[in-house]
file protein_5.txt (compact mmCIF, C-alpha atoms and all ligand atoms)
# COMPACT_ATOMS: atom_id res chain seq x y z
CA MET A 107 -7.53 58.24 51.01
CA ARG A 108 -8.16 54.61 50.15
CA ILE A 109 -6.12 52.61 47.62
CA ASP A 110 -7.32 49.18 46.48
CA ILE A 111 -4.65 47.13 44.72
CA ILE A 112 -5.65 44.13 42.59
CA THR A 113 -2.91 41.54 42.02
CA ILE A 114 -2.18 37.86 41.42
CA PHE A 115 0.81 38.17 43.80
CA PRO A 116 -0.55 39.69 47.03
CA GLU A 117 2.56 38.49 48.92
CA MET A 118 4.66 40.95 46.93
CA PHE A 119 3.09 43.74 48.98
CA ASP A 120 3.96 42.16 52.34
CA GLY A 121 6.30 44.63 53.92
CA ALA A 122 6.16 47.16 51.08
CA PHE A 123 3.85 49.41 53.09
CA SER A 124 4.79 48.30 56.62
CA HIS A 125 7.58 50.77 57.23
CA SER A 126 8.35 54.42 57.67
CA MET A 127 5.99 57.06 56.29
CA ILE A 128 3.55 54.74 54.59
CA LYS A 129 3.07 52.70 57.74
CA ARG A 130 2.59 55.93 59.68
CA ALA A 131 0.04 57.22 57.18
CA GLN A 132 -2.00 54.06 57.69
CA SER A 133 -1.79 54.00 61.48
CA LYS A 134 -2.77 57.69 61.60
CA GLY A 135 -5.82 56.83 59.49
CA LEU A 136 -4.71 59.09 56.63
CA ALA A 137 -4.42 56.23 54.15
CA GLU A 138 -5.97 52.80 53.84
CA ILE A 139 -4.39 50.25 51.50
CA GLN A 140 -6.28 47.07 50.66
CA ILE A 141 -4.70 44.26 48.65
CA HIS A 142 -7.04 41.98 46.67
CA ASN A 143 -6.02 38.57 45.37
CA LEU A 144 -7.41 38.41 41.84
CA ARG A 145 -7.75 34.60 42.03
CA ASP A 146 -10.38 35.02 44.76
CA TYR A 147 -12.64 36.65 42.17
CA SER A 148 -12.33 33.96 39.49
CA ASP A 149 -15.51 31.98 38.73
CA ASN A 150 -13.28 29.13 37.55
CA LYS A 151 -12.91 26.15 39.88
CA HIS A 152 -9.13 26.26 39.45
CA HIS A 153 -9.12 30.02 40.14
CA LYS A 154 -7.87 30.60 36.61
CA VAL A 155 -7.20 34.24 35.70
CA ASP A 156 -5.55 33.94 32.26
CA ASP A 157 -6.14 32.18 28.94
CA TYR A 158 -4.63 31.74 25.47
CA PRO A 159 -4.87 34.74 23.13
CA PHE A 160 -7.41 34.64 20.28
CA GLY A 161 -5.48 34.56 17.03
CA GLY A 162 -2.52 32.83 18.63
CA GLY A 163 0.83 34.21 19.65
CA ALA A 164 3.14 33.87 22.61
CA GLY A 165 2.04 34.38 26.20
CA MET A 166 -1.22 34.30 28.10
CA VAL A 167 -3.80 37.06 28.39
CA MET A 168 -5.53 38.09 31.61
CA MET A 169 -9.25 37.28 31.33
CA ILE A 170 -12.07 39.78 31.71
CA GLN A 171 -14.20 37.95 34.28
CA PRO A 172 -12.03 37.95 37.45
CA ILE A 173 -10.93 41.57 36.97
CA ALA A 174 -14.44 42.78 36.08
CA SER A 175 -15.92 40.96 39.10
CA CYS A 176 -13.35 42.42 41.46
CA ILE A 177 -13.78 45.98 40.18
CA ASP A 178 -17.60 45.67 40.10
CA GLN A 179 -17.57 44.49 43.71
CA LEU A 180 -15.38 47.42 44.81
CA LYS A 181 -17.44 49.94 42.82
CA SER A 182 -20.61 48.69 44.54
CA GLU A 183 -19.05 49.60 47.90
CA ARG A 184 -17.79 53.13 47.17
CA LYS A 185 -17.17 55.63 44.41
CA TYR A 186 -13.73 55.64 42.78
CA ASP A 187 -11.96 58.71 41.37
CA GLU A 188 -9.58 56.63 39.27
CA ILE A 189 -9.32 52.99 38.17
CA ILE A 190 -5.72 52.60 37.06
CA PHE A 191 -4.07 49.87 35.02
CA MET A 192 -0.32 49.49 35.57
CA THR A 193 1.31 48.72 32.22
CA PRO A 194 4.61 49.58 30.49
CA ASP A 195 2.65 51.19 27.64
CA GLY A 196 0.81 53.59 29.97
CA VAL A 197 1.54 57.29 30.48
CA LEU A 198 4.81 57.96 32.28
CA PHE A 199 4.37 58.49 36.02
CA ASP A 200 5.84 61.78 37.30
CA GLN A 201 5.50 64.21 40.20
CA PRO A 202 2.59 66.21 38.70
CA LEU A 203 0.66 62.95 38.25
CA ALA A 204 1.46 61.91 41.84
CA ASN A 205 0.21 65.31 43.02
CA LYS A 206 -3.02 64.89 41.04
CA LEU A 207 -3.68 61.36 42.33
CA SER A 208 -3.06 62.47 45.92
CA MET A 209 -6.21 64.62 45.67
CA SER A 210 -8.34 61.49 45.20
CA THR A 211 -10.55 59.90 47.83
CA ASN A 212 -10.56 56.35 46.45
CA ILE A 213 -8.50 54.75 43.71
CA ILE A 214 -8.09 51.23 42.34
CA ILE A 215 -4.73 50.06 40.98
CA MET A 216 -4.72 46.92 38.84
CA CYS A 217 -1.36 45.17 38.37
CA GLY A 218 -0.88 43.79 34.85
CA HIS A 219 0.85 40.52 33.97
CA TYR A 220 1.69 38.05 31.24
CA LYS A 221 1.47 39.34 27.70
CA GLY A 222 -1.33 41.66 28.67
CA ILE A 223 -4.94 42.02 29.56
CA ASP A 224 -8.08 41.58 27.46
CA GLU A 225 -8.36 44.86 25.55
CA ARG A 226 -12.06 45.21 26.43
CA LEU A 227 -11.10 45.89 30.05
CA ARG A 228 -8.93 48.76 28.89
CA GLU A 229 -11.82 50.16 26.88
CA HIS A 230 -14.53 49.76 29.49
CA TYR A 231 -13.03 49.67 32.99
CA PHE A 232 -9.85 51.67 33.40
CA THR A 233 -9.84 55.44 33.62
CA SER A 234 -6.08 55.66 33.18
CA GLU A 235 -3.01 53.56 32.42
CA ILE A 236 0.33 54.29 34.07
CA SER A 237 3.94 53.19 33.47
CA ILE A 238 6.75 54.03 35.90
CA GLY A 239 9.54 54.12 33.31
CA ASN A 240 10.97 52.98 30.02
CA TYR A 241 11.91 49.44 30.99
CA VAL A 242 9.90 46.24 31.41
CA LEU A 243 9.13 44.68 34.80
CA THR A 244 7.76 41.15 35.21
CA GLY A 245 4.52 42.59 36.53
CA GLY A 246 2.78 45.74 37.68
CA GLU A 247 3.22 45.04 41.42
CA LEU A 248 6.46 46.93 42.01
CA ALA A 249 5.16 49.76 39.85
CA ALA A 250 1.92 49.89 41.87
CA ALA A 251 3.98 50.06 45.08
CA VAL A 252 5.98 52.96 43.62
CA VAL A 253 2.83 54.91 42.70
CA THR A 254 1.23 54.19 46.09
CA ASP A 255 4.31 55.40 47.97
CA ALA A 256 4.68 58.56 45.89
CA VAL A 257 0.99 59.43 46.35
CA ILE A 258 0.57 58.64 50.05
CA ARG A 259 3.57 60.63 51.23
CA LEU A 260 1.90 63.73 49.75
CA LEU A 261 -1.22 63.44 51.92
CA PRO A 262 -1.49 66.24 54.48
CA GLY A 263 -0.17 65.05 57.85
CA VAL A 264 1.99 62.21 56.55
CA LEU A 265 5.26 64.13 56.44
CA SER A 266 6.45 66.51 59.16
CA ASP A 267 7.49 70.10 58.41
CA GLU A 268 11.16 69.14 58.09
CA THR A 269 10.45 66.40 55.59
CA SER A 270 7.83 68.44 53.79
CA ALA A 271 7.10 67.29 50.27
CA LEU A 272 7.28 70.94 49.19
CA SER A 273 11.09 70.78 49.35
CA ASP A 274 11.30 67.58 47.27
CA SER A 275 13.30 67.39 44.11
CA PHE A 276 10.88 67.82 41.20
CA GLN A 277 8.25 69.81 43.13
CA ASP A 278 9.88 73.11 42.11
CA ASN A 279 11.45 71.79 38.92
CA LEU A 280 14.87 71.71 40.61
CA LEU A 281 16.87 68.83 42.03
CA SER A 282 17.66 69.12 45.74
CA PRO A 283 20.99 70.67 46.80
CA PRO A 284 23.62 68.52 48.58
CA VAL A 285 23.15 68.00 52.33
CA TYR A 286 25.65 67.26 55.11
CA THR A 287 25.64 66.25 58.76
CA ARG A 288 28.19 65.94 61.58
CA PRO A 289 31.11 65.74 61.77
CA ALA A 290 32.01 68.91 59.84
CA ASP A 291 35.42 67.38 59.16
CA TYR A 292 35.76 63.72 58.24
CA ASN A 293 39.15 62.62 56.90
CA ASN A 294 39.79 66.23 55.96
CA TRP A 295 36.64 66.23 53.85
CA ILE A 296 35.20 69.53 54.99
CA VAL A 297 31.54 70.59 54.89
CA PRO A 298 31.06 73.81 52.86
CA GLU A 299 31.79 76.64 55.27
CA VAL A 300 28.62 78.59 54.53
CA LEU A 301 26.48 75.79 56.03
CA THR A 302 28.17 76.11 59.43
CA SER A 303 28.23 79.94 59.30
CA GLY A 304 24.78 80.42 60.79
CA ASN A 305 23.99 83.03 58.12
CA GLU A 306 20.47 81.99 57.09
CA ARG A 307 20.35 84.26 54.02
CA GLU A 308 23.71 83.06 52.69
CA ILE A 309 22.71 79.42 53.34
CA LYS A 310 19.46 79.78 51.38
CA LYS A 311 21.33 81.48 48.52
CA TRP A 312 23.98 78.72 48.47
CA GLN A 313 21.33 75.99 48.49
CA TYR A 314 19.46 77.59 45.60
CA GLU A 315 22.64 78.03 43.56
CA LYS A 316 23.66 74.40 44.18
CA ALA A 317 20.18 73.19 43.23
CA VAL A 318 20.34 75.08 39.94
CA GLU A 319 23.92 73.93 39.29
CA ARG A 320 23.04 70.27 39.94
CA THR A 321 19.89 70.48 37.83
CA ARG A 322 21.83 72.08 34.94
CA ALA A 323 24.49 69.35 35.14
CA ARG A 324 22.21 66.33 35.55
CA ARG A 325 18.76 67.25 34.27
CA PRO A 326 18.94 70.21 31.88
CA ASP A 327 15.56 69.04 30.53
CA MET A 328 13.95 70.10 33.84
CA LEU A 329 15.19 73.69 33.47
CA GLN A 330 13.62 73.93 30.03
CA ASP A 331 10.31 72.93 31.60
CA THR A 332 10.41 75.85 34.06
CA LYS A 333 7.71 78.41 33.49
CA PRO A 334 8.96 82.01 33.01
CL1 LIG A 401 3.38 49.61 35.23
N1 LIG A 401 4.41 47.31 34.45
C1 LIG A 401 5.39 46.56 33.94
N2 LIG A 401 5.17 45.25 33.78
N3 LIG A 401 6.55 47.04 33.55
C2 LIG A 401 6.74 48.35 33.72
C3 LIG A 401 5.77 49.20 34.26
C4 LIG A 401 4.59 48.63 34.61
N4 LIG A 401 6.26 50.44 34.27
C5 LIG A 401 7.49 50.36 33.78
N5 LIG A 401 7.79 49.11 33.44
call {"tool": "encode", "arguments": {"input": "protein_5.txt", "output": "C-alpha cells"}}
result
Amino acid sequence: MRIDIITIFPEMFDGAFSHSMIKRAQSKGLAEIQIHNLRDYSDNKHHKVDDYPFGGGAGMVMMIQPIASCIDQLKSERKYDEIIFMTPDGVLFDQPLANKLSMSTNIIIMCGHYKGIDERLREHYFTSEISIGNYVLTGGELAAAVVTDAVIRLLPGVLSDETSALSDSFQDNLLSPPVYTRPADYNNWIVPEVLTSGNEREIKKWQYEKAVERTRARRPDMLQDTKP
C-alpha cells in the first residue's frame, strides 16, 4: 500500500513513521509513505499556498492551485482509491474506517490548515473528509499520522501473530482485558491467580469476562453497537 501525504509542514512527519511497526512495514515493502511539501507545487514565486478569503473574515484560505497541481501530478502517476482531506468537520475516524482504508492500494492524505481550504477543492478533488476527534488541532498533520498508523498496522504481515490486530480493542466491539507480566507478586500486588494457573479454558473465560466488564464500565455505548 502507498500513502502520499500532502503538507506545508513536512518536518512534522520526521520520526513519526521511523519507529516500531510502521518502520518495519516500510522496510518489509508492505507500505510506502511519501511526504510532499505543498510549497513545492505552488506556481507563485514566493511559494505562496494561502490567500485572503473572498468576502472577508478572519484567517487565510488554502488556495486551489498548489493542491490541485500536487494531486494532478500524483494522479498522473498512479490510480488512487481515496483522496482524503483531514479536517475537524470530516467524518469521525474509527476502527471500521481504518479497516476499510487498509484495503486500498494507493491513497492521498491532504493536511488542512488555516481557516480552511477553497471549497471547490472539496467539491472536485477529495473523495472523503476525515476528523480524528471532537477537538481542534492546529493542522491536519498529527491527524494524518494517526490515520496512517492505524491503517498500516492492519496490513497483512505488519504485525506478528502475538500482536495480531484481531485481538485489538474495538475490533470485536470489546475493550481489551487487563494484562500482567512478571513478577507475579510486586509489593504484595498479586496477579489474578487464574492467569498463572495454566488452565487455558479458564484463562480465556476470565479474559472475556474482564473485557465485557471493562467495556460495560467505560464504554457502554460499544455494547449497544454489538450485533445480536
Ligand atoms: Cl483532521 N484537523 C484538525 N485541524 N483538527 C482536528 C482534526 C483534523 N481532527 C480532529 N481535530
call {"tool": "axis_aligned_box", "arguments": {"input": "protein_5.txt", "around": "ligand LIG 401 (chain A)", "padding_each_side": "3 Å", "output": "JSON"}}
result
{"center_x": 5.6, "center_y": 47.8, "center_z": 34.3, "size_x": 10.4, "size_y": 11.2, "size_z": 7.8}
call {"tool": "atom_distance", "arguments": {"input": "protein_5.txt", "atom1": "atom CA of Arg145 of chain A", "atom2": "atom C1 of ligand LIG 401 (chain A)"}}
result
19.5 Å
call {"tool": "closest_atom_pairs", "arguments": {"input": "protein_5.txt", "of": "chain A", "to": "ligand LIG 401 (chain A)", "cutoff": "10 Å", "atoms": "all atoms listed in the file", "output": "CSV"}}
result
residue,atom,partner,partner_atom,distance
A:Ile190,CA,A:LIG401,CL1,9.8
A:Phe191,CA,A:LIG401,CL1,7.5
A:Met192,CA,A:LIG401,CL1,3.7
A:Thr193,CA,A:LIG401,CL1,3.8
A:Pro194,CA,A:LIG401,C3,4.0
A:Asp195,CA,A:LIG401,C3,7.6
A:Gly196,CA,A:LIG401,CL1,7.1
A:Val197,CA,A:LIG401,N4,9.1
A:Leu198,CA,A:LIG401,N4,7.9
A:Phe199,CA,A:LIG401,N4,8.5
A:Ile215,CA,A:LIG401,CL1,10.0
A:Met216,CA,A:LIG401,CL1,9.3
A:Cys217,CA,A:LIG401,CL1,7.2
A:Gly218,CA,A:LIG401,N2,6.3
A:His219,CA,A:LIG401,N2,6.4
A:Tyr220,CA,A:LIG401,N2,8.4
A:Lys221,CA,A:LIG401,N2,9.3
A:Gly222,CA,A:LIG401,N2,9.0
A:Glu235,CA,A:LIG401,CL1,8.0
A:Ile236,CA,A:LIG401,CL1,5.7
A:Ser237,CA,A:LIG401,N4,3.7
A:Ile238,CA,A:LIG401,N4,4.0
A:Gly239,CA,A:LIG401,C5,4.3
A:Asn240,CA,A:LIG401,C5,5.8
A:Tyr241,CA,A:LIG401,N5,4.8
A:Val242,CA,A:LIG401,N3,4.1
A:Leu243,CA,A:LIG401,N3,3.7
A:Thr244,CA,A:LIG401,N2,5.1
A:Gly245,CA,A:LIG401,N2,3.9
A:Gly246,CA,A:LIG401,N1,3.9
A:Glu247,CA,A:LIG401,N1,7.4
A:Leu248,CA,A:LIG401,C4,7.8
A:Ala249,CA,A:LIG401,CL1,5.0
A:Ala250,CA,A:LIG401,CL1,6.8
A:Ala251,CA,A:LIG401,CL1,9.9
A:Val252,CA,A:LIG401,CL1,9.4
A:Val253,CA,A:LIG401,CL1,9.2
call {"tool": "write_last_selection", "arguments": {"input": "protein_5.txt", "atoms": "C-alpha atoms", "output": "short mmCIF file (atom, residue, chain, number, x, y, z; two decimals), in the frame of the given file"}}
result
data_model
loop_
_atom_site.label_atom_id
_atom_site.label_comp_id
_atom_site.auth_asym_id
_atom_site.auth_seq_id
_atom_site.Cartn_x
_atom_site.Cartn_y
_atom_site.Cartn_z
CA ILE A 190 -5.72 52.60 37.06
CA PHE A 191 -4.07 49.87 35.02
CA MET A 192 -0.32 49.49 35.57
CA THR A 193 1.31 48.72 32.22
CA PRO A 194 4.61 49.58 30.49
CA ASP A 195 2.65 51.19 27.64
CA GLY A 196 0.81 53.59 29.97
CA VAL A 197 1.54 57.29 30.48
CA LEU A 198 4.81 57.96 32.28
CA PHE A 199 4.37 58.49 36.02
CA ILE A 215 -4.73 50.06 40.98
CA MET A 216 -4.72 46.92 38.84
CA CYS A 217 -1.36 45.17 38.37
CA GLY A 218 -0.88 43.79 34.85
CA HIS A 219 0.85 40.52 33.97
CA TYR A 220 1.69 38.05 31.24
CA LYS A 221 1.47 39.34 27.70
CA GLY A 222 -1.33 41.66 28.67
CA GLU A 235 -3.01 53.56 32.42
CA ILE A 236 0.33 54.29 34.07
CA SER A 237 3.94 53.19 33.47
CA ILE A 238 6.75 54.03 35.90
CA GLY A 239 9.54 54.12 33.31
CA ASN A 240 10.97 52.98 30.02
CA TYR A 241 11.91 49.44 30.99
CA VAL A 242 9.90 46.24 31.41
CA LEU A 243 9.13 44.68 34.80
CA THR A 244 7.76 41.15 35.21
CA GLY A 245 4.52 42.59 36.53
CA GLY A 246 2.78 45.74 37.68
CA GLU A 247 3.22 45.04 41.42
CA LEU A 248 6.46 46.93 42.01
CA ALA A 249 5.16 49.76 39.85
CA ALA A 250 1.92 49.89 41.87
CA ALA A 251 3.98 50.06 45.08
CA VAL A 252 5.98 52.96 43.62
CA VAL A 253 2.83 54.91 42.70
#
call {"tool": "closest_residue", "arguments": {"input": "protein_5.txt", "among": "A:Thr254, A:Ser275, A:Ser126, A:Thr233", "to": "Ile141 of chain A", "atoms": "all atoms listed in the file"}}
result
A:Thr254
call {"tool": "closest_residue", "arguments": {"input": "protein_5.txt", "among": "A:Glu299, A:Ala256, A:Arg324, A:Ile109", "to": "Ser282 of chain A", "atoms": "only C-alpha atoms"}}
result
A:Arg324
call {"tool": "residues_around", "arguments": {"input": "protein_5.txt", "residues": "Tyr186 of chain A", "least_positions_apart": "6", "cutoff": "8 Å", "atoms": "only C-alpha atoms", "output": "list in words"}}
result
Thr211, Asn212, Ile213 and Ile214 of chain A
call {"tool": "closest_residue", "arguments": {"input": "protein_5.txt", "among": "A:Phe276, A:Phe115, A:Trp312, A:Phe123", "to": "Ala204 of chain A", "atoms": "all atoms listed in the file"}}
result
A:Phe276
call {"tool": "residues_around", "arguments": {"input": "protein_5.txt", "residues": "Ser266 of chain A", "least_positions_apart": "5", "cutoff": "12 Å", "atoms": "all atoms listed in the file", "output": "PyMOL selection string"}}
result
chain A and resi 127+130-131+259-261+271-273
call {"tool": "decode", "arguments": {"input": "protein_5.txt", "residues": "segment 150-262 of chain A", "atoms": "C-alpha atoms", "output": "short mmCIF file (atom, residue, chain, number, x, y, z; two decimals), in the first residue's frame"}}
result
data_model
loop_
_atom_site.label_atom_id
_atom_site.label_comp_id
_atom_site.auth_asym_id
_atom_site.auth_seq_id
_atom_site.Cartn_x
_atom_site.Cartn_y
_atom_site.Cartn_z
CA ASN A 150 3.90 31.57 -7.07
CA LYS A 151 7.47 32.85 -6.91
CA HIS A 152 7.22 33.13 -3.12
CA HIS A 153 5.79 29.59 -2.92
CA LYS A 154 2.56 31.03 -1.57
CA VAL A 155 -0.12 28.47 -0.69
CA ASP A 156 -2.79 30.61 1.00
CA ASP A 157 -4.69 33.86 0.39
CA TYR A 158 -7.32 36.14 1.94
CA PRO A 159 -10.90 34.85 1.90
CA PHE A 160 -13.37 36.37 -0.59
CA GLY A 161 -15.99 38.24 1.40
CA GLY A 162 -13.58 38.95 4.23
CA GLY A 163 -13.31 37.36 7.63
CA ALA A 164 -10.52 36.14 9.86
CA GLY A 165 -7.81 33.76 8.72
CA MET A 166 -6.31 32.69 5.43
CA VAL A 167 -7.64 30.12 2.99
CA MET A 168 -5.56 27.47 1.26
CA MET A 169 -5.52 28.17 -2.49
CA ILE A 170 -6.66 25.75 -5.17
CA GLN A 171 -3.62 25.84 -7.45
CA PRO A 172 -0.84 24.22 -5.35
CA ILE A 173 -3.13 21.46 -4.04
CA ALA A 174 -4.68 20.79 -7.46
CA SER A 175 -1.23 20.66 -9.10
CA CYS A 176 0.11 18.26 -6.50
CA ILE A 177 -2.89 15.92 -6.70
CA ASP A 178 -2.96 16.09 -10.54
CA GLN A 179 0.72 15.15 -10.64
CA LEU A 180 0.18 12.17 -8.32
CA LYS A 181 -2.94 11.03 -10.20
CA SER A 182 -0.96 11.06 -13.46
CA GLU A 183 1.46 8.55 -11.92
CA ARG A 184 -0.98 6.00 -10.45
CA LYS A 185 -4.62 5.39 -9.64
CA TYR A 186 -5.85 6.38 -6.18
CA ASP A 187 -8.59 4.60 -4.22
CA GLU A 188 -9.15 7.57 -1.92
CA ILE A 189 -8.13 11.24 -1.83
CA ILE A 190 -8.69 12.29 1.76
CA PHE A 191 -8.89 15.75 3.29
CA MET A 192 -8.05 15.90 7.01
CA THR A 193 -10.40 18.40 8.66
CA PRO A 194 -12.17 18.72 12.03
CA ASP A 195 -15.52 18.82 10.21
CA GLY A 196 -14.92 15.48 8.47
CA VAL A 197 -16.43 12.10 9.38
CA LEU A 198 -15.12 10.70 12.65
CA PHE A 199 -12.26 8.23 12.17
CA ASP A 200 -12.86 4.83 13.79
CA GLN A 201 -11.73 1.21 13.53
CA PRO A 202 -14.19 0.22 10.76
CA LEU A 203 -12.93 3.15 8.66
CA ALA A 204 -9.30 2.13 9.34
CA ASN A 205 -10.17 -1.42 8.26
CA LYS A 206 -11.76 -0.12 5.04
CA LEU A 207 -8.82 2.15 4.17
CA SER A 208 -6.36 -0.69 4.79
CA MET A 209 -7.85 -2.48 1.76
CA SER A 210 -6.68 0.34 -0.53
CA THR A 211 -3.70 0.19 -2.87
CA ASN A 212 -2.98 3.93 -3.04
CA ILE A 213 -4.35 6.82 -1.03
CA ILE A 214 -3.61 10.54 -0.78
CA ILE A 215 -3.98 12.37 2.54
CA MET A 216 -4.12 16.16 2.41
CA CYS A 217 -3.43 18.02 5.69
CA GLY A 218 -5.65 21.08 6.15
CA HIS A 219 -4.57 24.37 7.72
CA TYR A 220 -5.52 27.95 8.48
CA LYS A 221 -9.21 28.75 8.39
CA GLY A 222 -9.75 26.17 5.70
CA ILE A 223 -9.36 25.27 2.11
CA ASP A 224 -11.04 26.64 -1.02
CA GLU A 225 -14.41 24.88 -1.08
CA ARG A 226 -14.02 23.98 -4.77
CA LEU A 227 -11.28 21.51 -3.84
CA ARG A 228 -13.70 19.79 -1.50
CA GLU A 229 -16.27 19.58 -4.28
CA HIS A 230 -13.97 18.41 -7.05
CA TYR A 231 -10.90 16.68 -5.62
CA PHE A 232 -11.48 14.89 -2.35
CA THR A 233 -13.30 11.58 -2.14
CA SER A 234 -13.62 11.76 1.64
CA GLU A 235 -13.01 14.06 4.61
CA ILE A 236 -11.85 12.68 7.95
CA SER A 237 -11.61 14.06 11.50
CA ILE A 238 -9.88 12.15 14.31
CA GLY A 239 -11.99 13.56 17.15
CA ASN A 240 -14.10 16.34 18.58
CA TYR A 241 -11.35 18.84 19.30
CA VAL A 242 -9.38 21.24 17.12
CA LEU A 243 -5.72 20.72 16.19
CA THR A 244 -3.54 23.43 14.63
CA GLY A 245 -3.35 21.39 11.45
CA GLY A 246 -4.13 18.06 9.86
CA GLU A 247 -0.58 16.66 10.19
CA LEU A 248 -0.95 14.87 13.52
CA ALA A 249 -4.34 13.59 12.41
CA ALA A 250 -2.84 12.28 9.14
CA ALA A 251 -0.14 10.49 11.15
CA VAL A 252 -2.82 8.89 13.34
CA VAL A 253 -4.77 7.63 10.32
CA THR A 254 -1.60 6.37 8.61
CA ASP A 255 -0.52 4.45 11.72
CA ALA A 256 -3.95 2.91 12.30
CA VAL A 257 -4.19 1.79 8.66
CA ILE A 258 -0.66 0.47 8.12
CA ARG A 259 -0.59 -1.73 11.21
CA LEU A 260 -3.56 -3.62 9.74
CA LEU A 261 -1.72 -4.64 6.56
CA PRO A 262 -1.07 -8.39 6.39
#
